[in-house]
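Pasted below: input-v5.cif, mmCIF, C-alpha atoms and all ligand atoms.
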```cif
data_protein
loop_
_atom_site.label_atom_id
_atom_site.label_comp_id
_atom_site.auth_asym_id
_atom_site.auth_seq_id
_atom_site.Cartn_x
_atom_site.Cartn_y
_atom_site.Cartn_z
CA MET A 1 -0.57 0.83 16.36
CA GLU A 2 -1.39 -2.85 16.22
CA ARG A 3 1.39 -5.39 15.95
CA VAL A 4 1.17 -7.53 12.80
CA ALA A 5 4.49 -9.37 13.08
CA ASP A 6 7.84 -8.84 14.76
CA GLY A 7 8.60 -5.16 14.07
CA VAL A 8 5.63 -4.72 11.72
CA TYR A 9 2.71 -2.55 12.82
CA GLN A 10 -0.63 -1.48 11.37
CA VAL A 11 -1.88 2.12 11.64
CA LYS A 12 -5.68 1.99 11.42
CA LYS A 13 -7.62 5.23 11.22
CA GLY A 14 -10.37 4.72 8.62
CA PHE A 15 -7.54 3.48 6.42
CA ARG A 16 -4.69 1.05 6.94
CA ALA A 17 -1.01 1.79 6.59
CA PHE A 18 2.04 0.01 7.97
CA VAL A 19 5.25 0.73 9.85
CA ILE A 20 8.27 -1.57 9.55
CA ASP A 21 10.78 -1.19 12.39
CA GLY A 22 14.28 -2.05 11.20
CA ASP A 23 17.83 -1.80 12.49
CA GLU A 24 18.45 1.50 10.74
CA GLY A 25 15.08 3.15 11.16
CA LEU A 26 11.48 2.93 10.05
CA THR A 27 9.93 2.26 6.66
CA LEU A 28 6.29 3.21 6.08
CA ILE A 29 4.07 1.38 3.64
CA ASP A 30 1.44 3.98 2.64
CA THR A 31 0.44 7.08 4.59
CA GLY A 32 -3.36 7.11 4.88
CA LEU A 33 -5.62 10.08 4.24
CA PRO A 34 -4.48 13.72 4.16
CA LYS A 35 -3.92 15.39 7.54
CA ARG A 36 -3.34 12.09 9.37
CA ALA A 37 0.40 12.42 10.02
CA GLY A 38 -0.39 12.76 13.73
CA ALA A 39 -1.74 9.20 13.86
CA PHE A 40 1.61 7.94 12.59
CA VAL A 41 3.63 10.11 14.95
CA ALA A 42 1.62 8.89 17.98
CA GLY A 43 1.96 5.26 16.88
CA ILE A 44 5.67 5.57 16.22
CA GLU A 45 6.25 7.16 19.62
CA SER A 46 4.33 4.31 21.26
CA ILE A 47 7.09 1.90 20.15
CA GLY A 48 9.86 4.17 21.45
CA ARG A 49 10.72 5.70 18.10
CA SER A 50 10.22 9.22 16.77
CA VAL A 51 9.18 10.68 13.45
CA VAL A 52 12.78 11.41 12.47
CA ASP A 53 13.42 7.64 12.56
CA ILE A 54 11.36 7.33 9.37
CA LYS A 55 13.93 6.71 6.64
CA ALA A 56 11.67 5.75 3.75
CA ILE A 57 8.02 6.04 2.73
CA VAL A 58 6.95 3.46 0.16
CA LEU A 59 3.58 3.82 -1.59
CA THR A 60 1.42 1.05 -3.04
CA HIS A 61 -0.40 3.58 -5.23
CA ASN A 62 -1.40 7.19 -5.57
CA HIS A 63 -4.97 7.28 -4.21
CA THR A 64 -5.60 9.89 -1.54
CA ASP A 65 -6.30 7.31 1.19
CA HIS A 66 -2.80 5.85 0.67
CA ALA A 67 -0.66 8.83 -0.41
CA GLY A 68 -2.61 11.46 1.55
CA SER A 69 -0.12 12.22 4.33
CA ALA A 70 3.02 11.39 2.34
CA ALA A 71 4.06 15.02 1.83
CA ALA A 72 3.65 15.92 5.52
CA LEU A 73 5.39 12.80 6.85
CA LYS A 74 8.23 13.20 4.36
CA ARG A 75 8.69 16.82 5.38
CA ASP A 76 8.60 16.05 9.13
CA SER A 77 11.06 13.16 8.84
CA ASN A 78 13.19 14.26 5.88
CA SER A 79 12.76 10.72 4.53
CA ALA A 80 12.88 9.40 0.98
CA LEU A 81 9.62 8.80 -0.89
CA TYR A 82 9.33 5.76 -3.17
CA CYS A 83 6.59 5.04 -5.66
CA SER A 84 6.15 3.32 -9.02
CA ALA A 85 6.87 5.25 -12.22
CA GLY A 86 3.25 4.72 -13.28
CA ASP A 87 1.74 6.43 -10.25
CA ALA A 88 4.49 8.99 -9.57
CA PRO A 89 3.04 11.82 -11.73
CA ALA A 90 -0.14 11.87 -9.61
CA VAL A 91 1.88 11.79 -6.36
CA ARG A 92 3.83 14.78 -7.64
CA GLY A 93 0.54 16.54 -8.42
CA GLU A 94 1.17 16.62 -12.16
CA ARG A 95 -2.15 14.92 -12.87
CA ARG A 96 -5.16 13.53 -11.05
CA PRO A 97 -4.91 9.95 -9.78
CA ILE A 98 -6.47 7.37 -12.09
CA ASP A 99 -9.83 6.22 -10.71
CA PRO A 100 -10.19 2.53 -9.81
CA PRO A 101 -11.54 0.44 -12.71
CA VAL A 102 -15.03 -0.29 -11.41
CA PHE A 103 -15.96 3.33 -12.08
CA ASP A 104 -15.39 2.81 -15.81
CA ARG A 105 -18.63 0.88 -15.93
CA THR A 106 -22.23 2.01 -15.87
CA PRO A 107 -24.07 2.51 -13.60
CA LEU A 108 -21.15 3.33 -11.28
CA GLN A 109 -19.85 5.85 -13.78
CA ILE A 110 -22.34 8.34 -12.39
CA LEU A 111 -20.50 8.19 -9.05
CA LYS A 112 -17.27 9.45 -10.56
CA PRO A 113 -17.96 13.10 -9.67
CA LEU A 114 -18.24 12.01 -6.02
CA LEU A 115 -14.64 10.81 -6.13
CA ARG A 116 -13.64 14.39 -6.87
CA LEU A 117 -15.05 15.38 -3.47
CA MET A 118 -12.44 13.33 -1.59
CA PRO A 119 -9.71 15.59 -0.16
CA SER A 120 -6.73 15.31 -2.46
CA ALA A 121 -3.21 14.60 -1.29
CA ASP A 122 -0.69 17.42 -1.17
CA PRO A 123 1.87 17.01 -3.96
CA ALA A 124 5.07 15.34 -2.82
CA VAL A 125 8.54 14.95 -4.30
CA VAL A 126 9.16 11.36 -5.38
CA ASP A 127 12.81 10.54 -4.68
CA LEU A 128 12.85 7.20 -6.42
CA GLU A 129 10.53 5.63 -9.01
CA ILE A 130 10.69 1.91 -8.36
CA GLU A 131 10.18 -1.10 -10.57
CA SER A 132 9.59 -4.77 -9.76
CA GLY A 133 12.45 -6.26 -7.76
CA PRO A 134 14.30 -5.50 -4.54
CA VAL A 135 13.59 -1.97 -3.31
CA PRO A 136 17.03 -0.28 -3.19
CA HIS A 137 18.62 1.68 -0.34
CA LEU A 138 16.51 0.12 2.41
CA SER A 139 17.84 -1.75 5.43
CA GLU A 140 14.84 -4.07 5.13
CA ASP A 141 14.66 -6.83 2.55
CA LEU A 142 11.61 -5.56 0.66
CA MET A 143 10.62 -6.83 -2.77
CA ALA A 144 8.41 -4.71 -5.06
CA ILE A 145 5.89 -6.70 -7.08
CA ALA A 146 4.05 -4.87 -9.87
CA THR A 147 0.32 -5.50 -9.45
CA PRO A 148 -1.32 -3.18 -12.01
CA GLY A 149 -5.06 -2.89 -12.32
CA HIS A 150 -6.40 -0.90 -9.38
CA THR A 151 -4.13 1.86 -10.73
CA PRO A 152 -1.72 1.42 -13.67
CA GLY A 153 1.30 1.63 -11.38
CA HIS A 154 -0.06 -0.25 -8.35
CA MET A 155 2.74 -2.04 -6.43
CA SER A 156 2.64 -4.71 -3.74
CA TYR A 157 5.59 -5.38 -1.44
CA LEU A 158 6.93 -8.54 0.15
CA LEU A 159 8.97 -8.23 3.35
CA GLU A 160 11.30 -11.12 4.13
CA ARG A 161 10.36 -11.51 7.77
CA ALA A 162 8.14 -13.86 9.80
CA GLY A 163 7.74 -16.26 6.87
CA GLY A 164 6.98 -13.38 4.49
CA VAL A 165 4.73 -10.35 5.04
CA LEU A 166 2.91 -9.19 1.91
CA PHE A 167 1.49 -5.66 1.62
CA VAL A 168 -1.12 -5.68 -1.14
CA GLY A 169 -2.53 -2.15 -0.97
CA ASP A 170 -5.81 -2.22 -2.89
CA ALA A 171 -4.95 -5.10 -5.23
CA ALA A 172 -6.86 -7.56 -3.03
CA ARG A 173 -9.10 -7.80 0.01
CA HIS A 174 -10.47 -10.62 2.13
CA ARG A 175 -13.40 -11.57 4.26
CA ASP A 176 -12.76 -14.07 7.06
CA GLY A 177 -9.58 -15.15 5.32
CA THR A 178 -11.15 -15.68 1.89
CA VAL A 179 -9.26 -13.53 -0.61
CA SER A 180 -10.81 -11.71 -3.57
CA ARG A 181 -10.07 -8.80 -5.87
CA GLY A 182 -9.73 -5.46 -4.07
CA TRP A 183 -12.60 -3.05 -3.52
CA PHE A 184 -13.48 -1.07 -6.65
CA ASN A 185 -11.61 -3.55 -8.85
CA ARG A 186 -13.28 -5.80 -11.39
CA PRO A 187 -12.16 -8.76 -13.46
CA THR A 188 -9.82 -7.12 -15.97
CA PRO A 189 -6.86 -8.98 -17.51
CA ASP A 190 -4.44 -6.77 -15.53
CA ILE A 191 -6.17 -7.31 -12.21
CA ASP A 192 -6.52 -11.06 -12.64
CA GLN A 193 -2.88 -11.39 -13.71
CA SER A 194 -1.86 -9.39 -10.64
CA MET A 195 -3.79 -11.81 -8.42
CA ARG A 196 -1.99 -14.74 -10.08
CA THR A 197 1.36 -12.99 -9.64
CA LEU A 198 0.75 -12.58 -5.91
CA ALA A 199 -0.36 -16.21 -5.58
CA GLU A 200 3.03 -17.33 -6.93
CA ARG A 201 4.90 -15.82 -3.99
CA ASP A 202 5.52 -17.41 -0.61
CA PHE A 203 4.26 -15.49 2.40
CA GLU A 204 2.58 -16.24 5.68
CA ILE A 205 0.96 -12.87 6.49
CA ALA A 206 -0.91 -10.48 4.19
CA CYS A 207 -1.67 -6.81 4.93
CA PHE A 208 -4.45 -4.98 3.10
CA GLY A 209 -5.45 -1.39 2.44
CA HIS A 210 -9.01 -1.97 3.57
CA ALA A 211 -9.15 -5.11 5.71
CA ASP A 212 -7.31 -6.40 8.76
CA PRO A 213 -4.29 -8.59 8.05
CA ILE A 214 -4.49 -12.32 7.44
CA PRO A 215 -2.13 -13.46 10.22
CA ARG A 216 -1.20 -16.91 8.94
CA GLY A 217 -1.59 -19.08 5.86
CA ALA A 218 -2.14 -16.01 3.66
CA GLY A 219 -0.25 -17.46 0.70
CA THR A 220 -2.62 -20.41 0.64
CA ALA A 221 -5.63 -18.05 0.67
CA PHE A 222 -4.25 -16.20 -2.37
CA ARG A 223 -3.57 -19.47 -4.19
CA GLU A 224 -7.13 -20.61 -3.51
CA PHE A 225 -8.49 -17.45 -5.12
CA ALA A 226 -6.09 -17.63 -8.07
CA ALA A 227 -7.24 -21.20 -8.73
CA THR A 228 -10.74 -19.83 -9.45
CA LEU A 229 -9.53 -17.53 -12.24
ZN ZN B 1 -6.97 2.77 -4.05
#
```
Would you kindly transcribe this structure into structure tokens?
Amino acid sequence: MERVADGVYQVKKGFRAFVIDGDEGLTLIDTGLPKRAGAFVAGIESIGRSVVDIKAIVLTHNHTDHAGSAAALKRDSNSALYCSAGDAPAVRGERRPIDPPVFDRTPLQILKPLLRLMPSADPAVVDLEIESGPVPHLSEDLMAIATPGHTPGHMSYLLERAGGVLFVGDAARHRDGTVSRGWFNRPTPDIDQSMRTLAERDFEIACFGHADPIPRGAGTAFREFAATL
């Protein structure tokens, strides 16, 4: 695992997910692709913790590269799984995840069948469907921020630590510190409002689903993008 901030680590294995080390145990933000629980276990053991120290698993959204190992990690740790009401049915396996919005458009529409070839996540029991606001029952001070667009129930999370650590899932990405809409997103009213919502918050560090973290000044980078909307 790579250290992002004090007690915050990135698991990077073709995806990015995050481990928050708190006084009462570990909180995971996302779980990567299916069959990758071992990458988390190895990382967690490298900081002197074990899988049973995971107390909560919090998902940004239901795509297989974020929710993929949720069922296995929840089972191995007996932890609670949190996700938004909008994305929970897909996490439970009641329906397919909603594809990201760029695939609504031609010519990319023809790629939609390829998405079906991605290994799907095992269904998992969602213990709590969360809404915007403080995430309950955690020892960490974690704020859920609804950022719909990439999926209808996409959530970002702001950790009150190190000047604020934002986890944006696939709502946004960056290149060399310049923030833009996430991969496979496009300028929809929902997505652009979500980018404005994030830009209103104060944070120093931002963590992404598909880019390395911005280690400082991340709030300014989001405000610079929002100013272009
Ligand atoms: Zn996604």
Give as a ChimeraX atom specification the residues surrounding ligand ZN 1 (chain B) up to a distance of 9 Å, considering all atoms listed in the file. /A:60-66,99-100,150-151,154,169-171,182-184,209
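Ranking A:Arg75, A:Arg181, A:Arg216, A:His137 by their shortest atom-to-atom distance to Leu166 in chain A, with only C-alpha atoms included, puts A:Arg216 first.
Atom pair CA of Ala71 in chain A / CA of Ala124 in chain A has a distance of 4.8 Å (rounded to one decimal).
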Note to self: Applying 7 Å and all atoms listed in the file, which residues near Tyr82 in chain A remain after dropping the ones on its own chain fewer than 4 positions away? List them as a list in words.
What the structure shows: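 My reading of the contact set: Ile57, Val58, Leu59, Val126, Asp127, Leu128, Glu129 and Ile130 of chain A.
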Subject >> Answer as a list in words, residues within 7 Å of (1.7, -1.9, -12.9) using all atoms listed in the file >> reply: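 I get Gly86, Ala146, Thr147, Pro148, Gly149, Pro152, Gly153, His154 and Met155 of chain A for the residues within 7 Å of that point.
Relative to CA of Met143 in chain A, CA of Leu158 in chain A is found at 5.0 Å.
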Select, counting all atoms listed in the file, all protein, DNA and RNA residues no farther than 8 Å from (14.9, 6.6, 3.4) in file coordinates, and express the selection as a list in words.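 Counting all atoms listed in the file, I find these residues within 8 Å of (14.9, 6.6, 3.4): Thr27, Ile54, Lys55, Ala56, Ile57, Ser79, Ala80, Leu81, His137 and Leu138 of chain A.
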Within 7 Å of range 15-25 of chain A using only C-alpha atoms, minus same-chain residues under 2 positions, as a PyMOL selection string:
chain A and resi 7-13+27-32+53-55+65+139-140+209-210
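The coordinates place CA of Pro101 in chain A at 28.7 Å from CA of Leu73 in chain A.
Each of A:Asp104, A:Glu131, A:Asp76, A:Glu94 was checked against Thr188 in chain A using all atoms listed in the file; the smallest atom-to-atom distance is that of A:Asp104.
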Of A:Asp6, A:Asp212, A:Met1, A:Val52, the one nearest to Phe40 in chain A when counting only C-alpha atoms is A:Met1
